[in-house]
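Some notes on the structure that comes next.
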Amino acid sequence: MKKNLLFLLLIVASLLNAQDSYHTDLINFLSDEYNLEGHSFVLYDTEDDIVQNKYTYGDVQATEFSDGELGFSNYTSIDVPIAGNNPWDAGYGISNITQVNQGDAIIVHFWARRNSPTGSVNAFSEDGATFDKEFFNFFELTSDWTSYFYSFKSSKTFQVDAMTLGFHLATESQNIDIGGFTALNYGQTPALDDLPSSFLPLNYGGNEADASWRSSAADRIEEIRKAILDITVVDQDGLPIEGLAVNVTMQEHSFGFGSAFALGRFPDGRDYNEQYLSKITDLDGKGHGFNVGVNENALKWDGWEEEWIGSPTQTKNALEWLTRNGVEMRGHVLVWPGYDNLPSDIEGNSVSYINDRIKGRLEEMLTDPVLSENLGEWDILNEITTNRDLEMFYQGNSGYENGRELYQEIIAQAKSIAPNKTFYVNDYIVLSGGGSSPAVIERYQGYLDEMAAGDVGFDGIGFQCHIGSIPTSIDKIESVLNDFYDRYNVRMKITEFDIEPSVDQETAAQYTSDFLTMIFSHPGVDAFIMWGFWDNNHWKSNALMFDSDWNIKPAGQTFVDKVFDEWWTDETVNSDANGIVSSRAFKGKYNISFTHNGTQKDTIIQLDDDMSFTMNADITSATQDPVLSQIEIFPNPVLDGGIRIYLPGKLNDIELKILTTDGKVLTELNQVKSGDFINLDQSPGIYILHLRNGDRFATKRVVIL
């Protein structure tokens, strides 16, 4: 009788708590829009049950409200008075009430908004015992109720109460609302790509076509990334040439656009790949390539000593290849202070032993002639807010109150060994994955403040920028860069850019365009470096430029379009009545060329600031006199002082001009006789001697050492 009564009570309870309208509508939506059928409930099938069984922890105040306007009947308003030291210091969670099998397709849905000026959460699904994540991402909330979906395939089987789903709330001081939180299981059949995701095109802050940041960024690019180039073209008598078509052809940017490189792919490397190398110097089929780069793993301390990628000789050969091909390289990384990223003998040894090992590491890498020749800068420290083993080990030892004094010592030692090198502090926590909470950023800035206040400070800051499933808002990118630039007044670089594979390609391309625009417009930033350019050599198999078959990806095409088209100067300008060709061009290396009297003349220049110079169109264009061309110059090259000119035949005197290779006249002499001494008080380089005797004409090159 008792069993029958209990069974009856369960039936009544089930009827009273039948699937509510919110879940019914959600299931119908998933069926209609995504053809998904055959669900089970990971949590409960009513909003009331989910709210009653959820929990919050940490310094938060949660209040329940009713709301039926958007389909859900209630929501939780959560006040977080202060940000935590970590985002997970406060949270909201609930456990699964049904078993989830390995490979099951799970869809999580919720609504959220912020009531405070800013608001954000880390959404997660995890193993409740080990905290291993099935899903984890940062969500920046808006002031409007917004519907969010995320989906994943379960990596293992979870018994009842073994999986926790929820939010980390201590990302910042905030007041936010969460409603309609639920999770559905659609079993083994659906593919992950067929499940709904909030990572749809343009789902990030600042994506709007009329976003306020766009016009100011364009203005800054025009102001700081361009310079005035004035070229005066003259004939052999110094008179201006009007109407001459002058080509102003860009060769490379002054701003750095580059990638991390797998050094084993280079000649004599273990994984040599000819096509990999060809793309470095020709990304678009027009000969435009990367002008800066960084090693991926070969120079990391344990990677170098254990020869992960190749021998030191192979690594150096790869660096020399890059330098020869116009790629300016940076070194990564001298000291990464977590035991997992250090040689195995560091952990468990004494302070004095570790100090000696660090000193030896710095001396080896900074005095090696090949590395020194090919690496102008280094990431000296990497991820110091999350790799704290050395800090904690040194803490409390003599001379190390908080342990971070070690970082100042490392910088001072490095600069003593290599005073002409540039040293960066590199980290991911500020802009990667949507950006960390203000508390984490403040901790990082506290560490940087300590180093900046030392006798010898760091020279630059590297932002890794591993962009998460919800890309970091463009406004936040600008705000953070402004903050760090104003605070430290050092140069900054984007050092490890990539995008989470779950972001669809359309969004990745649009975000790349917007991110590049903001970075290129910022006065404190000198380079954008992606963390790999080919899917087959990328830690997430999702490089920016090329898929595994070397097809250019939408984001890669965006990069090419921006860097080598929109921000690229390639024009032909006719000289005016004064022989002047004027251009406002992007800063970089140029070939200036024209054809006059049937002969082409080319001159290479570097445009980093407003610049004007003269080119003599007739230095090399006239047909040279075969007799006058027999003139002898001694000595050549010139070691010191000057030269003597010996005229051929019966020539008595000549007119002589000494010019730079770009056509600037330095000296003009008349009635120069055979054997005359010509003083050459010029800096080392190549100079042109322009000689004339009546209608006879010749040019000679002279080298000053």
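Each chain of the structure tokens is named A, B, ... in the order shown, its residues numbered from 1; ligands are numbered from 1 in display order.
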Write out as a PyMOL selection string the residues lying within 10 Å of Met250 in chain A, counting only C-alpha atoms and excluding same-chain residues fewer than 6 positions away. chain A and resi 288+564+568-571+585-592+604-607
Please provide as a list in words all residues within 8 Å of Phe546 in chain A, with the sequence filter that same-chain residues fewer than 4 positions apart are discarded (counting only C-alpha atoms). Phe533, Trp534, Asp535, Trp550, Asn551, Ile552, Lys553 and Gly556 of chain A
Can I get the selection written as a tab-separated table (two decimals), in the first residue's frame, with N, CA and C atoms?
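Once everything was written out, this is result_9.tsv:
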chain	number	residue	atom	x	y	z
A	533	PHE	N	50.61	31.04	-39.36
A	533	PHE	CA	49.84	31.46	-40.52
A	533	PHE	C	49.29	30.30	-41.34
A	534	TRP	N	49.54	29.06	-40.92
A	534	TRP	CA	49.10	27.88	-41.65
A	534	TRP	C	48.47	26.90	-40.67
A	535	ASP	N	47.28	26.37	-41.01
A	535	ASP	CA	46.57	25.47	-40.09
A	535	ASP	C	47.41	24.29	-39.65
A	550	TRP	N	46.64	25.13	-48.06
A	550	TRP	CA	47.20	26.40	-48.53
A	550	TRP	C	46.19	27.28	-49.27
A	551	ASN	N	44.90	27.04	-49.04
A	551	ASN	CA	43.89	27.97	-49.54
A	551	ASN	C	43.81	29.15	-48.58
A	552	ILE	N	43.76	30.36	-49.12
A	552	ILE	CA	43.68	31.51	-48.24
A	552	ILE	C	42.30	31.57	-47.60
A	553	LYS	N	42.25	31.84	-46.30
A	553	LYS	CA	41.01	31.88	-45.54
A	553	LYS	C	40.43	33.29	-45.58
A	556	GLY	N	42.47	35.63	-43.70
A	556	GLY	CA	43.73	35.86	-44.38
A	556	GLY	C	43.58	36.83	-45.53
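Shortest atom-to-atom contact with His168 in chain A among A:Ser198, A:Gln671, A:Gln19, A:Asn137: A:Asn137, counting only C-alpha atoms.
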So that I can see what lies close to Asp194 in chain A, please list as a PyMOL selection string the residues with an atom at most 8 Å from it, counting only C-alpha atoms and leaving out residues fewer than 3 positions away in the same chain. chain A and resi 34+190-191
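Using only C-alpha atoms, the nearest neighbour of Tyr55 in chain A within the list A:Ala209, A:Ile658, A:Ile645, A:Leu165 is A:Leu165.
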Check the DSSP output for the backbone and give back, as a PyMOL selection string, the residues of range 565-619 of chain A in strand (DSSP E). chain A and resi 570-574+580-586+588-596+599-607+611-616
Can you pull out every residue from range 191-314 of chain A that DSSP, working from the backbone, puts in helix (DSSP H, G or I), and format the result as JSON, numbers by chain? {"A": [192, 193, 194, 213, 214, 215, 216, 217, 218, 219, 220, 221, 222, 223, 224, 263, 264, 265, 274, 275, 276, 277, 278, 279, 280, 281, 301, 302, 303, 304, 305, 312, 313, 314]}
Next, the residues of the selection above should be written as a compact mmCIF listing (two decimals), in the first residue's frame with N, CA and C atoms.
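So the final result, stored in result18.txt, reads:
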# COMPACT_ATOMS: atom_id res chain seq x y z
N LEU A 192 28.59 18.99 -34.13
CA LEU A 192 28.76 20.22 -33.37
C LEU A 192 28.44 21.44 -34.23
N ASP A 193 28.81 21.40 -35.52
CA ASP A 193 28.56 22.53 -36.41
C ASP A 193 27.08 22.77 -36.64
N ASP A 194 26.25 21.77 -36.35
CA ASP A 194 24.81 21.90 -36.58
C ASP A 194 24.08 22.43 -35.36
N TRP A 213 34.16 54.37 -32.94
CA TRP A 213 35.62 54.27 -32.99
C TRP A 213 36.16 54.33 -34.41
N ARG A 214 35.34 54.06 -35.42
CA ARG A 214 35.84 53.90 -36.78
C ARG A 214 36.40 55.20 -37.35
N SER A 215 35.66 56.29 -37.22
CA SER A 215 36.11 57.54 -37.83
C SER A 215 37.38 58.07 -37.16
N SER A 216 37.45 57.96 -35.84
CA SER A 216 38.66 58.44 -35.15
C SER A 216 39.86 57.57 -35.48
N ALA A 217 39.65 56.26 -35.65
CA ALA A 217 40.76 55.38 -36.03
C ALA A 217 41.27 55.74 -37.42
N ALA A 218 40.35 56.00 -38.35
CA ALA A 218 40.75 56.39 -39.70
C ALA A 218 41.56 57.68 -39.69
N ASP A 219 41.13 58.63 -38.87
CA ASP A 219 41.86 59.90 -38.76
C ASP A 219 43.27 59.69 -38.22
N ARG A 220 43.39 58.81 -37.22
CA ARG A 220 44.71 58.56 -36.65
C ARG A 220 45.62 57.86 -37.65
N ILE A 221 45.09 56.92 -38.42
CA ILE A 221 45.91 56.25 -39.44
C ILE A 221 46.45 57.27 -40.43
N GLU A 222 45.60 58.17 -40.86
CA GLU A 222 46.03 59.20 -41.81
C GLU A 222 47.12 60.07 -41.19
N GLU A 223 47.00 60.33 -39.90
CA GLU A 223 47.95 61.23 -39.24
C GLU A 223 49.28 60.56 -38.91
N ILE A 224 49.24 59.34 -38.34
CA ILE A 224 50.47 58.78 -37.80
C ILE A 224 51.12 57.74 -38.69
N LEU A 263 60.51 27.07 -36.85
CA LEU A 263 61.85 27.12 -37.43
C LEU A 263 62.33 25.78 -37.98
N GLY A 264 61.64 24.71 -37.64
CA GLY A 264 61.98 23.42 -38.22
C GLY A 264 61.57 23.28 -39.68
N ARG A 265 60.78 24.22 -40.20
CA ARG A 265 60.32 24.17 -41.58
C ARG A 265 61.33 24.73 -42.57
N GLU A 274 59.00 23.63 -48.49
CA GLU A 274 59.32 24.70 -49.44
C GLU A 274 58.17 25.69 -49.58
N GLN A 275 56.94 25.17 -49.58
CA GLN A 275 55.80 26.08 -49.75
C GLN A 275 55.62 26.97 -48.52
N TYR A 276 55.90 26.42 -47.36
CA TYR A 276 55.84 27.22 -46.13
C TYR A 276 56.75 28.43 -46.25
N LEU A 277 57.97 28.21 -46.75
CA LEU A 277 58.91 29.31 -46.91
C LEU A 277 58.45 30.29 -47.98
N SER A 278 57.91 29.78 -49.07
CA SER A 278 57.50 30.67 -50.16
C SER A 278 56.41 31.63 -49.72
N LYS A 279 55.52 31.18 -48.84
CA LYS A 279 54.43 32.04 -48.38
C LYS A 279 54.93 33.17 -47.49
N ILE A 280 56.01 32.95 -46.78
CA ILE A 280 56.54 33.99 -45.90
C ILE A 280 56.86 35.25 -46.68
N THR A 281 57.40 35.10 -47.87
CA THR A 281 57.80 36.25 -48.68
C THR A 281 56.78 36.60 -49.76
N TRP A 301 63.45 28.30 -23.30
CA TRP A 301 64.59 27.78 -22.55
C TRP A 301 64.69 26.26 -22.65
N ASP A 302 63.60 25.56 -22.27
CA ASP A 302 63.66 24.09 -22.32
C ASP A 302 63.66 23.60 -23.77
N GLY A 303 62.96 24.31 -24.67
CA GLY A 303 62.97 23.93 -26.07
C GLY A 303 64.33 24.04 -26.71
N TRP A 304 65.09 25.06 -26.31
CA TRP A 304 66.45 25.26 -26.82
C TRP A 304 67.40 24.18 -26.32
N GLU A 305 67.37 23.93 -25.00
CA GLU A 305 68.30 22.97 -24.42
C GLU A 305 67.96 21.53 -24.81
N PRO A 312 70.70 23.79 -32.21
CA PRO A 312 70.98 25.22 -32.25
C PRO A 312 71.44 25.70 -33.61
N THR A 313 72.25 24.90 -34.29
CA THR A 313 72.71 25.30 -35.62
C THR A 313 71.55 25.41 -36.60
N GLN A 314 70.63 24.45 -36.57
CA GLN A 314 69.47 24.51 -37.46
C GLN A 314 68.60 25.72 -37.15
Could you give me, as a PyMOL selection string, the residues within 9 Å of range 486-494 of chain A, counting only C-alpha atoms and dropping anything in the same chain fewer than 4 positions from it? chain A and resi 256+424+448-449+452+458-465+481-482+519+524-530
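Considering only C-alpha atoms, the residue among A:Leu362, A:Ser473, A:Ala412, A:Glu306 positioned nearest to Met451 in chain A is A:Ala412.
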Selection: 7 Å around Glu296 in chain A, only C-alpha atoms, excl. self and same-chain fewer than 3 positions, as a PyMOL selection string: chain A and resi 260-262
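The smallest atom-to-atom distance between Val160 in chain A and any of A:Asp49, A:Val42, A:Asn122, A:Pro369, using only C-alpha atoms, is found for A:Val42.
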Please identify every residue of range 33-61 of chain A that has at least one atom no farther than 10 Å from an atom of range 68-83 of chain A, counting only C-alpha atoms, and for each give the shortest atom pair and the distance in Å to one decimal, arranged by chain then increasing number, as JSON lines.
{"residue": "A:Thr46", "atom": "CA", "partner": "A:Ser73", "partner_atom": "CA", "distance": 9.9}
{"residue": "A:Glu47", "atom": "CA", "partner": "A:Ser73", "partner_atom": "CA", "distance": 7.4}
{"residue": "A:Asp48", "atom": "CA", "partner": "A:Asn74", "partner_atom": "CA", "distance": 8.0}
{"residue": "A:Val51", "atom": "CA", "partner": "A:Thr76", "partner_atom": "CA", "distance": 8.1}
{"residue": "A:Thr56", "atom": "CA", "partner": "A:Ile78", "partner_atom": "CA", "distance": 9.4}
{"residue": "A:Gly58", "atom": "CA", "partner": "A:Val80", "partner_atom": "CA", "distance": 9.0}
{"residue": "A:Asp59", "atom": "CA", "partner": "A:Val80", "partner_atom": "CA", "distance": 6.5}
{"residue": "A:Val60", "atom": "CA", "partner": "A:Val80", "partner_atom": "CA", "distance": 4.8}
{"residue": "A:Gln61", "atom": "CA", "partner": "A:Asp79", "partner_atom": "CA", "distance": 5.2}
Residue subset to file, keeping C-alpha atoms, as a short mmCIF file (atom, residue, chain, number, x, y, z; two decimals), in the first residue's frame:
data_model
loop_
_atom_site.label_atom_id
_atom_site.label_comp_id
_atom_site.auth_asym_id
_atom_site.auth_seq_id
_atom_site.Cartn_x
_atom_site.Cartn_y
_atom_site.Cartn_z
CA THR A 46 10.99 23.98 -15.46
CA GLU A 47 12.45 27.35 -14.67
CA ASP A 48 11.24 27.15 -11.08
CA VAL A 51 16.11 28.47 -9.83
CA THR A 56 25.56 31.02 -5.61
CA GLY A 58 31.27 34.19 -2.84
CA ASP A 59 30.60 37.85 -2.18
CA VAL A 60 27.35 38.18 -4.13
CA GLN A 61 23.74 39.03 -3.39
#
Give me the residues near Ala509 in chain A as a list in words, where near means some atom within 8 Å (using only C-alpha atoms) and where sequence neighbours in that chain fewer than 5 positions away do not count. Pro554, Ala555, Gly556, Gln557 and Thr558 of chain A
